[in-house]
Amino acid sequence: MTLTGILQLFIWLFLIPAAAGLLCYNPYKGYERIMFLWVSGQVFLWVVFFLVSVPLIVMEASFTSLVYAYCLAVAFLLLFTIMFCVRGYWKKETQGRLVLVRGNPVKKKFKPEKFYFLLSLILILLQIVLAVVLVYRDGDDSYYVAVAEIAEESDLMYLKNVYTFGYSGLDFRRAIAPFPMWIAFLARISGTKAVITAHVAVSSAQILMGNIVFFLIGGKLFKDRRKHFFIIVSQLLILFADYSIYAPERFLITRSRQGKTTLGAILIPLFFLFFLLLSDYLGNKKKIPAALWGMLAGIQISILLCSTQGAILSGLLAAVLGICAAVVYRRWKLLLAFAASCMPAVTVFLVYLVKKL
């Protein structure tokens, strides 16, 4: 992995998602706003990648065409972001003027929250180090990482058998959940092997994102220092999650480069974060912004990118949360909004059934 490759991965995994997040719904302030900016921007990019990649894969186009098409889509997205910001949507109360206030420096007292926050950062760093240094040969990597490596090397997507390297025809079930192609794209754009990209860059970014999502959930559940205890306990569960091989927290630290880990440890918790944000508006009887429903739609489509099972799981989860919200707050129109958010999942599921039959 060269310095140029590291820089490219940093740009595509952190800077570009943060820029895309400027177009997304963001109710937070301070450092939490920056966290949510990056997470929501990455979800937005996953949506774009899903919409670009699936048609090309089904048409059996080359992997290079996917790289060009996605880069072009991201370029238009960044251009729109620049236009969006230049128009003054993000004006400050000072209307863009930098105001300097001179005065005597105030000594800030040490707050326990700073210690908890520092401890959380240390635990996140420990998770990343353990995930990278103690990486092992996982059975699922023989397909998910291999198919990314084959796409990057042979320029074919889901057309080769990953075990025999012979032509096998389109693997439709996995083609409609092309998370490995996103890893292959990062490998191609950075000039790094797909296996290194998956085990180092993607794993590190996914672990950080999963912890941020849980931190944001803790901030909605608790308004005092208990939110720091919430994230610390969550991190300890991630570190000591060997009580079950199927636990999502174990997946986050051991299989963070796989789509089903992103589904279980990031997107489903993000689904519940959406519901907490929605409850704030419903409880205070405020008008729900359209951008919040856009967040739900983005989560739904990103789930489809990660796993074909997500088409069923995301629909069921939206149905349960929609019914609960409609009954508790007696706002039955919410069912229509939740039903509309399930349309991408229902469409993919029906296409899959038609293809199988």
# chains A, B, ... in the order shown; residues from 1 in each chain; ligands from 1
$ residues_around --residues "Val233 in chain A" --least-positions-apart "3" --cutoff "12 Å" --atoms "only C-alpha atoms" --output "list in words"
Tyr116, Leu119, Ser120, Leu123, Asn211, Phe214, Phe215, Gly218, Arg226, Lys227, His228, Phe229, Phe230, Leu236, Leu237, Ile238, Leu239, Phe240, Ala241 and Glu249 of chain A
$ residues_around --residues "Leu159 in chain A" --least-positions-apart "3" --cutoff "10 Å" --atoms "only C-alpha atoms" --output "PDB file with N, CA and C atoms, in the first residue's frame"
ATOM      1  N   ILE A  57     -24.198  -4.371 -13.662  1.00  0.00           N
ATOM      2  CA  ILE A  57     -23.895  -5.781 -13.388  1.00  0.00           C
ATOM      3  C   ILE A  57     -24.883  -6.697 -14.105  1.00  0.00           C
ATOM      4  N   GLU A  60     -24.191  -7.174 -17.540  1.00  0.00           N
ATOM      5  CA  GLU A  60     -22.892  -7.828 -17.714  1.00  0.00           C
ATOM      6  C   GLU A  60     -21.860  -6.888 -18.319  1.00  0.00           C
ATOM      7  N   VAL A 147     -14.361 -12.352  -4.828  1.00  0.00           N
ATOM      8  CA  VAL A 147     -15.127 -11.832  -5.960  1.00  0.00           C
ATOM      9  C   VAL A 147     -14.741 -10.384  -6.249  1.00  0.00           C
ATOM     10  N   ILE A 150     -11.343 -10.684  -8.057  1.00  0.00           N
ATOM     11  CA  ILE A 150     -11.522 -11.154  -9.435  1.00  0.00           C
ATOM     12  C   ILE A 150     -12.058 -10.031 -10.324  1.00  0.00           C
ATOM     13  N   ALA A 151     -13.009  -9.254  -9.808  1.00  0.00           N
ATOM     14  CA  ALA A 151     -13.558  -8.138 -10.587  1.00  0.00           C
ATOM     15  C   ALA A 151     -12.480  -7.109 -10.897  1.00  0.00           C
ATOM     16  N   SER A 154      -9.906  -9.165 -13.427  1.00  0.00           N
ATOM     17  CA  SER A 154     -10.380  -9.682 -14.715  1.00  0.00           C
ATOM     18  C   SER A 154     -11.348  -8.740 -15.426  1.00  0.00           C
ATOM     19  N   ASP A 155     -11.824  -7.706 -14.717  1.00  0.00           N
ATOM     20  CA  ASP A 155     -12.772  -6.732 -15.273  1.00  0.00           C
ATOM     21  C   ASP A 155     -14.156  -7.337 -15.501  1.00  0.00           C
ATOM     22  N   LEU A 156     -14.452  -8.476 -14.858  1.00  0.00           N
ATOM     23  CA  LEU A 156     -15.758  -9.117 -14.943  1.00  0.00           C
ATOM     24  C   LEU A 156     -16.418  -9.105 -13.573  1.00  0.00           C
ATOM     25  N   VAL A 162     -15.573 -18.123  -8.256  1.00  0.00           N
ATOM     26  CA  VAL A 162     -14.454 -17.665  -7.437  1.00  0.00           C
ATOM     27  C   VAL A 162     -13.565 -18.820  -6.981  1.00  0.00           C
ATOM     28  N   PHE A 165     -12.377 -20.239 -11.081  1.00  0.00           N
ATOM     29  CA  PHE A 165     -12.005 -19.155 -11.999  1.00  0.00           C
ATOM     30  C   PHE A 165     -12.537 -19.380 -13.410  1.00  0.00           C
ATOM     31  N   GLY A 166     -13.450 -20.309 -13.552  1.00  0.00           N
ATOM     32  CA  GLY A 166     -14.080 -20.524 -14.849  1.00  0.00           C
ATOM     33  C   GLY A 166     -15.322 -19.654 -14.990  1.00  0.00           C
ATOM     34  N   TYR A 167     -15.760 -19.475 -16.251  1.00  0.00           N
ATOM     35  CA  TYR A 167     -16.949 -18.673 -16.508  1.00  0.00           C
ATOM     36  C   TYR A 167     -18.185 -19.426 -16.009  1.00  0.00           C
ATOM     37  N   SER A 168     -19.010 -18.769 -15.213  1.00  0.00           N
ATOM     38  CA  SER A 168     -20.156 -19.440 -14.602  1.00  0.00           C
ATOM     39  C   SER A 168     -21.486 -18.777 -14.917  1.00  0.00           C
ATOM     40  N   GLY A 169     -21.470 -17.672 -15.662  1.00  0.00           N
ATOM     41  CA  GLY A 169     -22.703 -16.929 -15.875  1.00  0.00           C
ATOM     42  C   GLY A 169     -22.985 -16.005 -14.698  1.00  0.00           C
ATOM     43  N   LEU A 170     -23.960 -15.161 -14.846  1.00  0.00           N
ATOM     44  CA  LEU A 170     -24.245 -14.144 -13.847  1.00  0.00           C
ATOM     45  C   LEU A 170     -24.825 -14.763 -12.578  1.00  0.00           C
ATOM     46  N   ASP A 171     -24.183 -14.494 -11.461  1.00  0.00           N
ATOM     47  CA  ASP A 171     -24.690 -14.916 -10.151  1.00  0.00           C
ATOM     48  C   ASP A 171     -25.669 -13.842  -9.671  1.00  0.00           C
ATOM     49  N   PHE A 172     -26.947 -14.002 -10.058  1.00  0.00           N
ATOM     50  CA  PHE A 172     -27.912 -12.915  -9.881  1.00  0.00           C
ATOM     51  C   PHE A 172     -28.177 -12.615  -8.405  1.00  0.00           C
ATOM     52  N   ALA A 175     -25.433 -10.580  -7.260  1.00  0.00           N
ATOM     53  CA  ALA A 175     -25.229  -9.396  -8.100  1.00  0.00           C
ATOM     54  C   ALA A 175     -26.100  -8.228  -7.680  1.00  0.00           C
TER      55      ALA A 175
END
$ closest_residue --among "A:Leu263, A:Leu118, A:Leu221, A:Met343" --to "Asp280 in chain A" --atoms "only C-alpha atoms"
A:Leu221
$ residues_around --residues "Val52 in chain A" --least-positions-apart "5" --cutoff "12 Å" --atoms "only C-alpha atoms" --output "NGL selection string"
:A and (45-47 or 57-59 or 61 or 63 or 65-74 or 176 or 178 or 181-182 or 305)
$ residues_around --residues "Lys220 in chain A" --least-positions-apart "6" --cutoff "9 Å" --atoms "only C-alpha atoms" --output "list in words"
Lys227, Leu273, Leu276 and Leu277 of chain A
$ closest_atom_pairs --of "range 215-312 of chain A" --to "range 324-336 of chain A" --cutoff "8 Å" --atoms "only C-alpha atoms" --output "tab-separated table"
residue	atom	partner	partner_atom	distance
A:Ser279	CA	A:Ala325	CA	7.9
A:Leu282	CA	A:Tyr329	CA	6.8
A:Gly283	CA	A:Tyr329	CA	7.6
$ atom_distance --atom1 "CA of Ala146 in chain A" --atom2 "CA of Ala198 in chain A"
10.4 Å
$ closest_residue --among "A:Phe50, A:Phe115, A:Tyr143, A:Trp293" --to "Ala177 in chain A" --atoms "only C-alpha atoms"
A:Phe50
